[in-house]
Structures are given as structure tokens and as C-alpha cells.
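Just start.csv here, CSV, C-alpha atoms:
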chain,number,residue,atom,x,y,z
A,40,MET,CA,-103.8,-240.7,-41.6
A,41,ALA,CA,-104.3,-238.8,-44.8
A,42,MET,CA,-101.8,-235.9,-45.2
A,43,LEU,CA,-103.3,-232.5,-44.9
A,44,PRO,CA,-102.9,-230.1,-47.8
A,45,GLN,CA,-100.2,-227.5,-47.3
A,46,ALA,CA,-101.2,-223.9,-47.4
A,47,ALA,CA,-100.1,-220.5,-46.2
A,48,ALA,CA,-100.8,-219.7,-42.6
A,49,ALA,CA,-104.3,-218.4,-42.0
A,50,PRO,CA,-104.9,-215.0,-40.6
A,51,LYS,CA,-105.1,-214.9,-36.8
A,52,GLU,CA,-108.8,-213.9,-36.8
A,53,LEU,CA,-109.6,-216.9,-39.1
A,54,ASP,CA,-107.6,-219.2,-36.9
A,55,GLU,CA,-109.7,-218.0,-33.9
A,56,GLU,CA,-113.0,-218.4,-35.9
A,57,LEU,CA,-112.1,-222.0,-36.8
A,58,SER,CA,-110.8,-222.8,-33.4
A,59,VAL,CA,-114.1,-221.7,-31.8
A,60,PHE,CA,-116.0,-223.9,-34.3
A,61,ILE,CA,-113.9,-227.0,-33.6
A,62,ARG,CA,-114.2,-226.6,-29.9
A,63,GLN,CA,-117.9,-226.2,-30.2
A,64,LEU,CA,-118.2,-229.1,-32.5
A,65,PHE,CA,-116.4,-231.5,-30.2
A,66,SER,CA,-118.2,-230.2,-27.1
A,67,GLU,CA,-121.5,-230.8,-28.9
A,68,ARG,CA,-120.5,-234.3,-30.0
A,69,ALA,CA,-119.5,-235.2,-26.4
A,70,HIS,CA,-122.9,-234.0,-25.2
A,71,TYR,CA,-124.6,-236.0,-27.9
A,72,LEU,CA,-122.7,-239.2,-26.9
A,73,ILE,CA,-124.6,-239.1,-23.6
A,74,HIS,CA,-127.8,-237.2,-24.3
A,75,GLN,CA,-128.5,-237.9,-28.1
A,76,ASP,CA,-129.9,-234.5,-29.0
A,77,LYS,CA,-129.8,-234.9,-32.8
A,78,ASP,CA,-131.1,-231.5,-33.7
A,79,LYS,CA,-128.2,-229.7,-32.0
A,80,LEU,CA,-125.6,-232.1,-33.6
A,81,SER,CA,-127.0,-231.8,-37.2
A,82,ARG,CA,-126.2,-228.0,-37.3
A,83,TYR,CA,-122.6,-228.9,-37.8
A,84,TYR,CA,-123.1,-231.1,-40.8
A,85,LEU,CA,-124.5,-230.8,-44.4
A,86,SER,CA,-127.5,-232.9,-45.4
A,87,SER,CA,-126.7,-232.1,-49.0
A,88,SER,CA,-123.3,-233.8,-48.8
A,89,ALA,CA,-122.8,-237.6,-48.7
A,90,SER,CA,-119.4,-237.4,-47.0
A,91,SER,CA,-120.9,-235.0,-44.4
A,92,ARG,CA,-123.9,-237.3,-43.7
A,93,ASN,CA,-121.5,-240.2,-43.3
A,94,ALA,CA,-119.4,-238.2,-40.8
A,95,MET,CA,-122.5,-237.4,-38.8
A,96,ARG,CA,-123.8,-241.0,-39.0
A,97,HIS,CA,-120.5,-242.1,-37.5
A,98,GLU,CA,-121.2,-240.0,-34.4
A,99,THR,CA,-124.8,-241.2,-34.0
A,100,ASP,CA,-123.7,-244.8,-34.4
A,101,ARG,CA,-121.0,-244.5,-31.8
A,102,SER,CA,-123.5,-243.0,-29.4
A,103,GLU,CA,-125.9,-245.9,-30.0
A,104,TYR,CA,-123.0,-248.3,-29.2
A,105,VAL,CA,-122.1,-246.5,-26.0
A,106,GLN,CA,-125.7,-246.4,-24.8
A,107,ALA,CA,-126.3,-250.1,-25.6
A,108,TRP,CA,-123.1,-251.1,-23.9
A,109,ALA,CA,-124.0,-249.1,-20.7
A,110,GLU,CA,-127.5,-250.7,-20.6
A,111,ARG,CA,-126.0,-254.2,-20.8
A,112,ARG,CA,-123.5,-253.5,-18.0
A,113,GLY,CA,-126.0,-251.9,-15.7
A,114,ILE,CA,-124.5,-248.4,-15.7
A,115,GLN,CA,-125.5,-245.0,-16.9
A,116,PHE,CA,-123.2,-242.3,-18.4
A,117,VAL,CA,-123.9,-239.1,-16.6
A,118,ASN,CA,-121.4,-236.6,-18.3
A,119,ALA,CA,-118.9,-236.3,-21.1
A,120,LYS,CA,-116.4,-233.5,-21.4
A,121,SER,CA,-114.2,-232.9,-24.4
A,122,HIS,CA,-110.8,-231.1,-24.5
A,123,VAL,CA,-109.4,-230.3,-27.9
A,124,ARG,CA,-105.8,-229.5,-28.8
A,125,ILE,CA,-105.6,-228.1,-32.4
A,126,ILE,CA,-102.4,-229.2,-34.1
A,127,ARG,CA,-102.7,-227.5,-37.5
A,128,ILE,CA,-105.1,-225.4,-39.5
A,129,SER,CA,-104.7,-224.6,-43.2
A,130,LYS,CA,-107.2,-223.0,-45.6
A,131,GLN,CA,-107.9,-223.1,-49.3
A,132,LYS,CA,-110.7,-220.8,-50.5
A,133,ASP,CA,-113.9,-221.9,-48.8
A,134,LYS,CA,-112.4,-225.0,-47.2
A,135,ALA,CA,-110.2,-225.6,-44.2
A,136,TYR,CA,-108.1,-228.6,-43.2
A,137,ILE,CA,-107.7,-229.3,-39.5
A,138,SER,CA,-105.6,-231.7,-37.5
A,139,THR,CA,-106.6,-232.0,-33.9
A,140,VAL,CA,-106.4,-234.3,-30.8
A,141,GLU,CA,-109.3,-234.9,-28.5
A,142,SER,CA,-109.1,-235.9,-24.8
A,143,LEU,CA,-112.5,-237.2,-23.8
A,144,LYS,CA,-113.6,-237.7,-20.2
A,145,LEU,CA,-116.6,-240.0,-19.6
A,146,ASP,CA,-118.4,-240.2,-16.2
A,147,TYR,CA,-120.5,-243.1,-15.2
A,148,ALA,CA,-122.5,-244.6,-12.3
A,149,TYR,CA,-123.9,-248.0,-11.6
A,150,ILE,CA,-127.7,-247.8,-11.7
A,151,HIS,CA,-128.5,-250.1,-8.8
A,152,SER,CA,-125.7,-248.9,-6.5
A,153,MET,CA,-124.9,-246.0,-4.2
A,154,MET,CA,-121.3,-245.9,-5.4
A,155,PRO,CA,-120.0,-242.4,-6.4
A,156,VAL,CA,-119.6,-241.4,-10.1
A,157,GLN,CA,-116.4,-242.8,-11.7
A,158,SER,CA,-114.5,-241.7,-14.8
A,159,PHE,CA,-112.3,-242.9,-17.6
A,160,GLY,CA,-110.6,-241.3,-20.5
A,161,LEU,CA,-110.2,-241.7,-24.3
A,162,GLY,CA,-107.8,-240.0,-26.7
A,163,THR,CA,-108.3,-239.7,-30.5
A,164,ARG,CA,-106.5,-237.9,-33.3
A,165,HIS,CA,-108.7,-236.4,-36.1
A,166,ALA,CA,-108.2,-235.1,-39.6
A,167,LEU,CA,-111.2,-232.9,-40.7
A,168,THR,CA,-112.2,-231.1,-43.8
A,169,ILE,CA,-114.7,-228.3,-43.1
A,170,THR,CA,-116.4,-226.0,-45.5
A,171,LYS,CA,-118.2,-222.7,-45.3
A,172,THR,CA,-121.8,-222.6,-46.6
A,173,ASP,CA,-124.2,-219.7,-46.1
A,174,GLY,CA,-121.7,-218.0,-43.8
A,175,LYS,CA,-121.4,-221.0,-41.5
A,176,TRP,CA,-118.8,-223.7,-41.1
A,177,HIS,CA,-119.8,-227.4,-41.5
A,178,VAL,CA,-117.9,-230.7,-41.4
A,179,LEU,CA,-117.4,-232.0,-44.9
A,180,ARG,CA,-115.5,-235.1,-44.1
A,181,GLU,CA,-113.5,-236.6,-41.2
A,182,TRP,CA,-111.1,-239.4,-40.4
A,183,TYR,CA,-110.2,-240.8,-37.0
A,184,LEU,CA,-109.5,-244.1,-35.4
A,185,ASP,CA,-112.5,-244.5,-33.1
A,186,PRO,CA,-112.3,-246.9,-30.1
A,187,LEU,CA,-116.1,-246.9,-30.0
A,188,GLU,CA,-116.7,-247.9,-33.6
A,189,GLU,CA,-118.7,-251.2,-33.0
A,190,ASN,CA,-122.1,-252.6,-33.7
A,191,PRO,CA,-124.5,-252.1,-30.7
A,192,LYS,CA,-126.4,-255.3,-31.7
A,193,LEU,CA,-123.3,-257.4,-31.1
A,194,ILE,CA,-122.6,-256.5,-27.5
A,195,PRO,CA,-122.8,-259.6,-25.3
A,196,ASP,CA,-124.9,-259.6,-22.1
A,197,SER,CA,-123.1,-259.7,-18.8
A,198,ASP,CA,-125.4,-262.5,-17.4
A,199,GLY,CA,-123.4,-264.6,-15.0
A,200,MET,CA,-120.7,-262.0,-14.5
A,201,ILE,CA,-119.6,-261.8,-10.9
A,202,LEU,CA,-118.4,-258.4,-9.7
A,203,SER,CA,-117.0,-257.6,-6.3
A,204,SER,CA,-116.0,-254.3,-4.8
A,205,ASN,CA,-113.3,-256.3,-2.9
A,206,ARG,CA,-111.3,-256.4,-6.2
A,207,HIS,CA,-110.9,-252.7,-6.0
A,208,VAL,CA,-109.5,-253.0,-2.4
A,209,GLU,CA,-107.4,-256.0,-3.3
A,210,SER,CA,-106.0,-254.0,-6.3
A,211,SER,CA,-104.8,-251.2,-4.0
A,212,GLU,CA,-103.2,-253.6,-1.6
A,213,LEU,CA,-101.5,-255.5,-4.3
A,214,GLU,CA,-99.9,-252.3,-5.6
A,215,LYS,CA,-98.6,-251.5,-2.2
A,216,GLN,CA,-97.1,-254.9,-1.8
A,217,SER,CA,-95.5,-254.7,-5.2
A,218,ALA,CA,-94.0,-251.3,-4.5
A,219,SER,CA,-92.5,-252.5,-1.3
A,220,ASN,CA,-90.9,-255.6,-2.8
A,221,SER,CA,-88.1,-254.5,-5.1
A,222,LYS,CA,-86.7,-258.1,-5.3
A,223,ARG,CA,-89.5,-259.3,-7.6
A,224,ARG,CA,-88.6,-259.8,-11.2
A,225,TYR,CA,-91.6,-257.8,-12.3
A,226,ASN,CA,-92.8,-254.7,-10.5
A,227,ARG,CA,-96.5,-254.4,-11.0
A,228,HIS,CA,-96.9,-251.1,-9.3
A,229,LYS,CA,-94.4,-249.4,-11.5
A,230,ALA,CA,-95.9,-251.0,-14.6
A,231,VAL,CA,-99.3,-249.5,-13.7
A,232,GLU,CA,-97.7,-246.2,-12.9
A,233,TYR,CA,-96.0,-246.2,-16.3
A,234,ALA,CA,-99.3,-247.1,-18.1
A,235,ASN,CA,-101.0,-244.2,-16.4
A,236,LYS,CA,-98.3,-241.7,-17.0
A,237,TYR,CA,-97.8,-242.4,-20.7
A,238,ALA,CA,-101.5,-243.2,-21.8
A,239,GLY,CA,-101.1,-240.5,-24.4
A,240,ALA,CA,-104.0,-238.3,-25.5
A,241,ALA,CA,-106.6,-239.9,-23.2
A,242,TRP,CA,-108.1,-237.8,-20.4
A,243,GLY,CA,-106.4,-238.7,-17.1
A,244,SER,CA,-103.0,-239.5,-18.6
A,245,GLY,CA,-99.8,-237.9,-17.3
A,246,HIS,CA,-96.8,-236.5,-19.1
A,247,LYS,CA,-98.8,-233.7,-20.7
A,248,HIS,CA,-100.7,-236.3,-22.8
A,249,ARG,CA,-97.5,-237.2,-24.7
A,250,TYR,CA,-95.9,-240.7,-25.2
A,251,ASN,CA,-92.5,-241.5,-23.8
A,252,PRO,CA,-90.1,-239.9,-26.3
A,253,LYS,CA,-87.5,-242.6,-25.4
A,254,TYR,CA,-89.5,-245.0,-27.6
A,255,ARG,CA,-90.4,-244.9,-31.3
A,256,ASP,CA,-94.1,-244.1,-32.0
A,257,TYR,CA,-95.8,-246.8,-34.1
A,258,THR,CA,-99.2,-245.1,-34.4
A,259,GLY,CA,-98.8,-244.5,-38.1
A,260,LEU,CA,-97.1,-247.8,-38.7
A,261,GLY,CA,-99.9,-250.2,-37.8
A,262,GLY,CA,-100.6,-249.1,-34.3
A,263,ASP,CA,-98.7,-248.5,-31.0
A,264,CYS,CA,-100.6,-250.8,-28.6
A,265,THR,CA,-98.1,-253.6,-28.5
A,266,ASN,CA,-95.1,-251.2,-28.3
A,267,PHE,CA,-96.9,-249.6,-25.3
A,268,ALA,CA,-97.6,-252.9,-23.6
A,269,SER,CA,-93.9,-253.9,-24.0
A,270,GLN,CA,-92.8,-250.5,-22.5
A,271,CYS,CA,-95.1,-250.9,-19.5
A,272,ILE,CA,-93.7,-254.3,-18.5
A,273,GLY,CA,-90.2,-253.9,-19.8
A,274,ASP,CA,-89.0,-250.3,-19.1
A,275,ARG,CA,-86.2,-250.5,-16.6
A,276,GLN,CA,-86.3,-247.0,-15.2
A,277,GLU,CA,-90.1,-246.3,-14.9
A,278,GLY,CA,-91.9,-249.5,-15.9
A,279,GLY,CA,-92.2,-253.1,-14.7
A,280,GLY,CA,-88.5,-253.8,-15.3
A,281,LEU,CA,-88.7,-257.2,-17.1
A,282,ARG,CA,-85.3,-257.9,-18.7
A,283,MET,CA,-85.2,-257.6,-22.4
A,284,SER,CA,-84.6,-261.1,-23.6
A,285,GLY,CA,-83.9,-262.8,-26.9
A,286,GLY,CA,-85.7,-261.1,-29.8
A,287,TRP,CA,-87.8,-259.0,-27.4
A,288,HIS,CA,-86.0,-255.6,-27.2
A,289,HIS,CA,-86.1,-251.9,-28.1
A,290,ILE,CA,-83.2,-249.9,-29.4
A,291,LYS,CA,-83.6,-246.2,-29.4
A,292,SER,CA,-81.9,-245.7,-32.8
A,293,GLY,CA,-83.7,-248.6,-34.5
A,294,GLY,CA,-87.0,-249.0,-32.6
A,295,GLY,CA,-88.6,-252.2,-31.4
A,296,SER,CA,-88.0,-255.8,-32.5
A,297,ARG,CA,-90.8,-257.8,-34.1
A,298,THR,CA,-91.7,-259.4,-30.8
A,299,TRP,CA,-91.7,-256.0,-29.1
A,300,VAL,CA,-94.1,-254.3,-31.5
A,301,GLN,CA,-96.1,-257.0,-33.4
A,302,THR,CA,-99.2,-258.4,-31.6
A,303,ASP,CA,-99.0,-262.1,-32.4
A,304,ALA,CA,-95.2,-262.2,-32.0
A,305,PHE,CA,-95.5,-260.5,-28.6
A,306,LYS,CA,-98.2,-262.9,-27.4
A,307,ASP,CA,-96.1,-265.9,-28.5
A,308,PHE,CA,-93.0,-264.5,-26.8
A,309,LEU,CA,-94.8,-263.9,-23.5
A,310,LEU,CA,-96.2,-267.5,-23.3
A,311,ARG,CA,-93.0,-269.2,-24.6
A,312,SER,CA,-90.5,-267.3,-22.6
A,313,GLY,CA,-92.2,-267.9,-19.3
A,314,TYR,CA,-92.7,-264.2,-18.7
A,315,GLY,CA,-96.5,-264.8,-19.0
A,316,THR,CA,-99.0,-267.6,-18.4
A,317,LEU,CA,-102.4,-267.9,-20.0
A,318,ILE,CA,-105.2,-267.6,-17.4
A,319,ALA,CA,-108.0,-268.2,-20.0
A,320,ARG,CA,-109.0,-267.8,-23.6
A,321,GLY,CA,-112.5,-267.2,-24.8
A,322,ASN,CA,-115.3,-264.8,-25.7
A,323,PHE,CA,-116.8,-262.4,-23.2
A,324,GLN,CA,-119.2,-265.0,-21.7
A,325,ASP,CA,-116.4,-267.6,-21.4
A,326,ILE,CA,-114.1,-265.4,-19.3
A,327,VAL,CA,-116.7,-263.7,-17.0
A,328,THR,CA,-118.9,-266.7,-16.2
A,329,ALA,CA,-118.1,-268.9,-13.2
A,330,ASN,CA,-116.9,-272.5,-13.8
A,331,LYS,CA,-115.1,-275.2,-11.8
A,332,ARG,CA,-111.7,-273.9,-12.6
A,333,HIS,CA,-112.6,-270.2,-12.0
A,334,PRO,CA,-115.4,-270.0,-9.4
A,335,SER,CA,-115.6,-266.2,-9.9
A,336,GLY,CA,-114.9,-266.2,-13.6
A,337,ALA,CA,-111.5,-266.2,-15.2
A,338,ILE,CA,-111.6,-262.4,-15.3
A,339,ALA,CA,-111.3,-262.3,-11.5
A,340,LYS,CA,-107.8,-263.8,-11.7
A,341,LEU,CA,-106.4,-260.7,-13.4
A,342,ARG,CA,-104.2,-258.5,-11.4
A,343,PRO,CA,-102.9,-254.9,-12.1
A,344,GLY,CA,-100.0,-255.3,-14.4
A,345,ASP,CA,-101.4,-258.3,-16.3
A,346,LEU,CA,-102.2,-258.0,-20.0
A,347,ILE,CA,-105.2,-258.7,-22.2
A,348,ALA,CA,-104.9,-259.7,-25.9
A,349,TYR,CA,-107.9,-259.1,-28.1
A,350,MET,CA,-108.2,-261.6,-31.0
A,351,LEU,CA,-110.3,-261.1,-34.2
A,352,ARG,CA,-110.6,-263.8,-36.8
A,353,GLY,CA,-107.8,-265.8,-35.3
A,354,ASP,CA,-105.2,-263.1,-35.0
A,355,VAL,CA,-104.3,-260.8,-32.1
A,356,ASP,CA,-105.6,-257.3,-33.0
A,357,HIS,CA,-104.8,-255.4,-29.8
A,358,PHE,CA,-103.1,-255.4,-26.4
A,359,SER,CA,-104.0,-253.6,-23.2
A,360,ILE,CA,-102.6,-253.6,-19.7
A,361,VAL,CA,-104.8,-254.0,-16.6
A,362,VAL,CA,-104.4,-251.0,-14.4
A,363,GLY,CA,-107.0,-251.8,-11.7
A,364,PHE,CA,-110.7,-252.3,-11.1
A,365,ASP,CA,-113.5,-249.8,-10.7
A,366,MET,CA,-115.4,-249.5,-7.3
A,367,ASN,CA,-117.7,-252.3,-8.4
A,368,GLY,CA,-114.8,-254.6,-9.4
A,369,TYR,CA,-114.9,-254.2,-13.2
A,370,PRO,CA,-111.5,-254.6,-14.8
A,371,LEU,CA,-110.0,-251.4,-16.2
A,372,VAL,CA,-107.3,-251.1,-18.9
A,373,ASN,CA,-104.9,-248.6,-20.5
A,374,SER,CA,-103.6,-248.8,-24.1
A,375,HIS,CA,-102.5,-246.9,-27.1
A,376,THR,CA,-104.1,-246.5,-30.6
A,377,ALA,CA,-106.6,-245.4,-29.7
A,378,ASP,CA,-105.5,-244.1,-26.3
A,379,ARG,CA,-107.4,-245.4,-23.3
A,380,TYR,CA,-107.0,-244.5,-19.6
A,381,ARG,CA,-108.8,-246.7,-17.0
A,382,VAL,CA,-111.4,-247.9,-19.5
A,383,PRO,CA,-113.7,-250.9,-18.9
A,384,PHE,CA,-111.8,-253.8,-20.6
A,385,ASP,CA,-114.5,-254.7,-23.1
A,386,LEU,CA,-115.7,-251.3,-24.1
A,387,GLY,CA,-115.2,-251.0,-27.9
A,388,TRP,CA,-115.3,-254.8,-28.5
A,389,ASP,CA,-118.1,-257.2,-29.3
A,390,LYS,CA,-119.3,-260.8,-29.0
A,391,HIS,CA,-116.9,-261.9,-31.8
A,392,THR,CA,-113.8,-260.8,-29.8
A,393,THR,CA,-111.7,-263.6,-28.3
A,394,TYR,CA,-109.9,-262.5,-25.1
A,395,LEU,CA,-106.6,-263.9,-24.0
A,396,LEU,CA,-106.0,-263.1,-20.3
A,397,ILE,CA,-102.3,-263.2,-19.7
A,398,HIS,CA,-100.8,-263.2,-16.2
A,399,ILE,CA,-97.3,-261.7,-16.0
A,400,ARG,CA,-95.2,-263.8,-13.6
A,401,ASP,CA,-93.6,-261.9,-10.8

Please, can you express the file's structure as C-alpha cells?
Amino acid sequence: MAMLPQAAAAPKELDEELSVFIRQLFSERAHYLIHQDKDKLSRYYLSSSASSRNAMRHETDRSEYVQAWAERRGIQFVNAKSHVRIIRISKQKDKAYISTVESLKLDYAYIHSMMPVQSFGLGTRHALTITKTDGKWHVLREWYLDPLEENPKLIPDSDGMILSSNRHVESSELEKQSASNSKRRYNRHKAVEYANKYAGAAWGSGHKHRYNPKYRDYTGLGGDCTNFASQCIGDRQEGGGLRMSGGWHHIKSGGGSRTWVQTDAFKDFLLRSGYGTLIARGNFQDIVTANKRHPSGAIAKLRPGDLIAYMLRGDVDHFSIVVGFDMNGYPLVNSHTADRYRVPFDLGWDKHTTYLLIHIRD
């Protein structure tokens, strides 16, 4: 993230004015994500500025992606609610530099089902430059790592995907069994509890939306997703409790080893150590479509506490942990960078993504 310019603290009344603007901006953007009312959104941007136009285009593009993904999955987003925590405000003349964290809640329902509305959460960290023109504040430029920044034309269809509400029931039963069996090498129930507690800025996360301070935060050092996955399965006090082994470890004073924090090294460790086994590898259609080996699709073999690796151009780009299934049987994941809480596993990815479904052995 770009460093924000240092400046003297702004007067309290200015802080309040800017705080109101930021909260209104994020609330309107959440509304636009679902309802796409462009006239309301455009009031916060400057058509005369290329950087401001680019910032607004980013919001319209992500809305197009969300709507296209929902259409292909047979769901409808019914509400979006934003909560913003402002970290820092500094001002220089007619500009202000703001650092903020957003927790976004998205509610959805299946179109051809009587199932109740379900929810998931996203968390993002933003650096904004805003400027005052004609007595009003506008976004001049913005940076944030967006989990919804994908091309809507590259979303694969879900033809052939088999969903079952039984997975939701089985998921609950599995967690109960795991919680009652302390002799297992890997405690799935605790791994999922850890993932839900420390999912960071995402709506729904526990621990006041903070990461576990026991571990180094790698968000600004290439991303924290693998560090988080390692914590979920390996933390002895609150997580899955897998024993640190060989080069896979975290030392509070020094941080995580290469296999603890680096995506490809972590994947290789899991599969070579025997801690994990590969269920399947392939694109979206490969893992959701039924075949002789996987009559309900390979995705149906996932259990809460298993991991998914996301590969782009031959390298692992991201890790998430499976935390359960929605009421229709769709796999849900948690992760860091950007922070996700019970998010459909493929939201934010496209047809060029290769998925590695990794079962963590009990």
C-alpha cells in the first residue's frame, strides 16, 4: 500500500465532515454493487479527472462481475451493507488522504428455491485521496486489493454442478463428531472455529475484526493467505493442532518459515508430508462436474477444514480454508488478503483458475 502523506491532525469538525463523506461513499458503493444506480454513484467522482474516472470505473466493473457471477450461479443478491472503520485522516490544502477498512456484508438468495436469505462477508483496506471541488468532496484516486476484481466475461457456467442441501447437514454433523474426538491428529471443528474467529476485516469475523496477534501479519509482504491457512490447521491452542514439522513452523520472534507462508512451498509440504492428499485438480468445470471417480463432482468430497489452492499460470496464487456449505450445498471458504468470511469458494475467480482440492488427513 502506498504511504499516506504526513500532516498535522485535522480539526475535529473537518474530521467529522470527512468521516461523514467516507461513510456515505462506501454505503452508496455497497448499494450500487446490488442495484447499479449509476447517477447516485457518480456524485462522488469527478468526470474531469482521469484518476477519478478510473476509480469509479473500478466500482462499476466489480458490480458487473458480481451480477454476472450471481446470474451464472442461479442466485440473486438482495442486500449489501457496509461498515467502515477510519484509520487515519490527514489534510493538505484542498486534498485529504484517508486510510480506512471496510467490512462488507452481502445477502443472497437462490432464485428457484424457498431457502431463506444467506450472508457472507468481505474485508478490504483502502487508501484514498479525495479533493474538494465547488464546495464538495470527491474521490480523486483510490487503491485497494479487491477480491471481486475479475472479468465478468470469464466466469464459467455451473452446468453439470450437483448441489445438495444434505452437504449443509453433513457439515454440521462432521463438526460435532470432530469436536467430540480429541484423539484425532487434526481437529476440523477447531480449525473452522479458528478460521471464523480470525477472518480479519470481513463481516462476520470474530476477535473484533483483528488477526491473531500471536502471528506475524504478511499482508504487506506479499499476502497473508498462506500464513492464515497454516495457522488454521496448525495452531495448537485454538486451531486444528497439526504438529509443526520439518521446515513448516512459525516462531513468534521470527515469523513463519518458507513452507508456512509461501503458497507453492506450503502446497508441496502438505502433499509430501502426508498431512494432505489431493482430491482433484482442474478448472471450475473439472471439479464440479460428475465423473466416474467423483459421481457428485470432486467438490463434493471437500469437508470443513480442508483447503483449496488457487493456481494462475502454473503457480499457486492463493489459499483458502473450507468452513462449510451454504443451505444449498455450495462450498464456503475463509481467507486473508483480501479477507473473506463464508464466501462461495469461486467468487472472485474465473475460468482460467486451476483449483487444487486438498483433503487434510485426520

Subject >> Shell around A:Arg297 at 12 Å using only C-alpha atoms, local window under 5 positions removed, as a list of chain:residue names >> reply: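 Surrounding residues, per the criterion: A:Thr265, A:Asn266, A:Ser269, A:Gly285, A:Gly286, A:Trp287, A:His288, A:His289, A:Ile290, A:Thr302, A:Asp303, A:Ala304, A:Phe305, A:Lys306, A:Asp307, A:Phe308.
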
Those same residues, written as an mmCIF file, in the coordinates of the input with C-alpha atoms?
data_model
loop_
_atom_site.group_PDB
_atom_site.id
_atom_site.type_symbol
_atom_site.label_atom_id
_atom_site.label_comp_id
_atom_site.auth_asym_id
_atom_site.auth_seq_id
_atom_site.Cartn_x
_atom_site.Cartn_y
_atom_site.Cartn_z
ATOM 1 C CA THR A 265 -98.100 -253.600 -28.500
ATOM 2 C CA ASN A 266 -95.100 -251.200 -28.300
ATOM 3 C CA SER A 269 -93.900 -253.900 -24.000
ATOM 4 C CA GLY A 285 -83.900 -262.800 -26.900
ATOM 5 C CA GLY A 286 -85.700 -261.100 -29.800
ATOM 6 C CA TRP A 287 -87.800 -259.000 -27.400
ATOM 7 C CA HIS A 288 -86.000 -255.600 -27.200
ATOM 8 C CA HIS A 289 -86.100 -251.900 -28.100
ATOM 9 C CA ILE A 290 -83.200 -249.900 -29.400
ATOM 10 C CA THR A 302 -99.200 -258.400 -31.600
ATOM 11 C CA ASP A 303 -99.000 -262.100 -32.400
ATOM 12 C CA ALA A 304 -95.200 -262.200 -32.000
ATOM 13 C CA PHE A 305 -95.500 -260.500 -28.600
ATOM 14 C CA LYS A 306 -98.200 -262.900 -27.400
ATOM 15 C CA ASP A 307 -96.100 -265.900 -28.500
ATOM 16 C CA PHE A 308 -93.000 -264.500 -26.800
#

Original post:
Could you name the residues that touch stretch 141-151 of chain A at 6 Å or less, counting all atoms listed in the file, but leaving out those on the same chain fewer than 3 positions away, as a VMD selection string?
Top reply: chain A and resid 113 to 123 156 to 163 240 to 242

List every residue of stretch 172-266 of chain A that has an atom at most 10 Å from any atom of stretch 320-343 of chain A, giving for each one its closest atom pair and the distance in Å to one decimal, counting only C-alpha atoms, sorted by chain and then by ascending residue number, as JSON lines.
{"residue": "A:Ile194", "atom": "CA", "partner": "A:Phe323", "partner_atom": "CA", "distance": 9.3}
{"residue": "A:Pro195", "atom": "CA", "partner": "A:Phe323", "partner_atom": "CA", "distance": 6.9}
{"residue": "A:Asp196", "atom": "CA", "partner": "A:Gln324", "partner_atom": "CA", "distance": 7.9}
{"residue": "A:Ser197", "atom": "CA", "partner": "A:Gln324", "partner_atom": "CA", "distance": 7.2}
{"residue": "A:Asp198", "atom": "CA", "partner": "A:Thr328", "partner_atom": "CA", "distance": 7.8}
{"residue": "A:Gly199", "atom": "CA", "partner": "A:Thr328", "partner_atom": "CA", "distance": 5.1}
{"residue": "A:Met200", "atom": "CA", "partner": "A:Val327", "partner_atom": "CA", "distance": 5.0}
{"residue": "A:Ile201", "atom": "CA", "partner": "A:Ser335", "partner_atom": "CA", "distance": 6.0}
{"residue": "A:Leu202", "atom": "CA", "partner": "A:Ser335", "partner_atom": "CA", "distance": 8.3}
{"residue": "A:Ser203", "atom": "CA", "partner": "A:Ala339", "partner_atom": "CA", "distance": 9.0}
{"residue": "A:Arg206", "atom": "CA", "partner": "A:Ala339", "partner_atom": "CA", "distance": 7.9}
{"residue": "A:Glu209", "atom": "CA", "partner": "A:Arg342", "partner_atom": "CA", "distance": 9.1}
{"residue": "A:Ser210", "atom": "CA", "partner": "A:Pro343", "partner_atom": "CA", "distance": 6.6}
{"residue": "A:Ser211", "atom": "CA", "partner": "A:Pro343", "partner_atom": "CA", "distance": 9.1}
{"residue": "A:Leu213", "atom": "CA", "partner": "A:Pro343", "partner_atom": "CA", "distance": 7.9}
{"residue": "A:Glu214", "atom": "CA", "partner": "A:Pro343", "partner_atom": "CA", "distance": 7.6}
{"residue": "A:Arg227", "atom": "CA", "partner": "A:Pro343", "partner_atom": "CA", "distance": 6.5}
{"residue": "A:His228", "atom": "CA", "partner": "A:Pro343", "partner_atom": "CA", "distance": 7.6}
{"residue": "A:Ala230", "atom": "CA", "partner": "A:Pro343", "partner_atom": "CA", "distance": 8.4}
{"residue": "A:Val231", "atom": "CA", "partner": "A:Pro343", "partner_atom": "CA", "distance": 6.7}

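One finds atom CA of A:Glu232 at 11.2 Å from atom CA of A:Ile360.
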
Subject >> Long-range neighbours of A:Arg352 as an MDAnalysis selection string, 9 Å cut-off, all atoms listed in the file, 5 positions minimum in chain >> reply: chainID A and resid 391:393

**OP:** Place a sphere of radius 10 Å on (-114.5, -220.4, -37.2) in the file coordinates and name every protein, DNA or RNA residue with an atom inside or on its surface, counting all atoms listed in the file; give the answer as a PyMOL selection string.
**Re:** chain A and resi 52-63+135+169+171+175-177

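When the distance limit is 8 Å and only C-alpha atoms are what count, the residues near A:Gly279, minus those fewer than 5 positions from it on the same chain, are A:Tyr225, A:Asn226, A:Arg227, A:His228, A:Lys229, A:Ala230, A:Cys271, A:Ile272, A:Gly273, A:Asp274.
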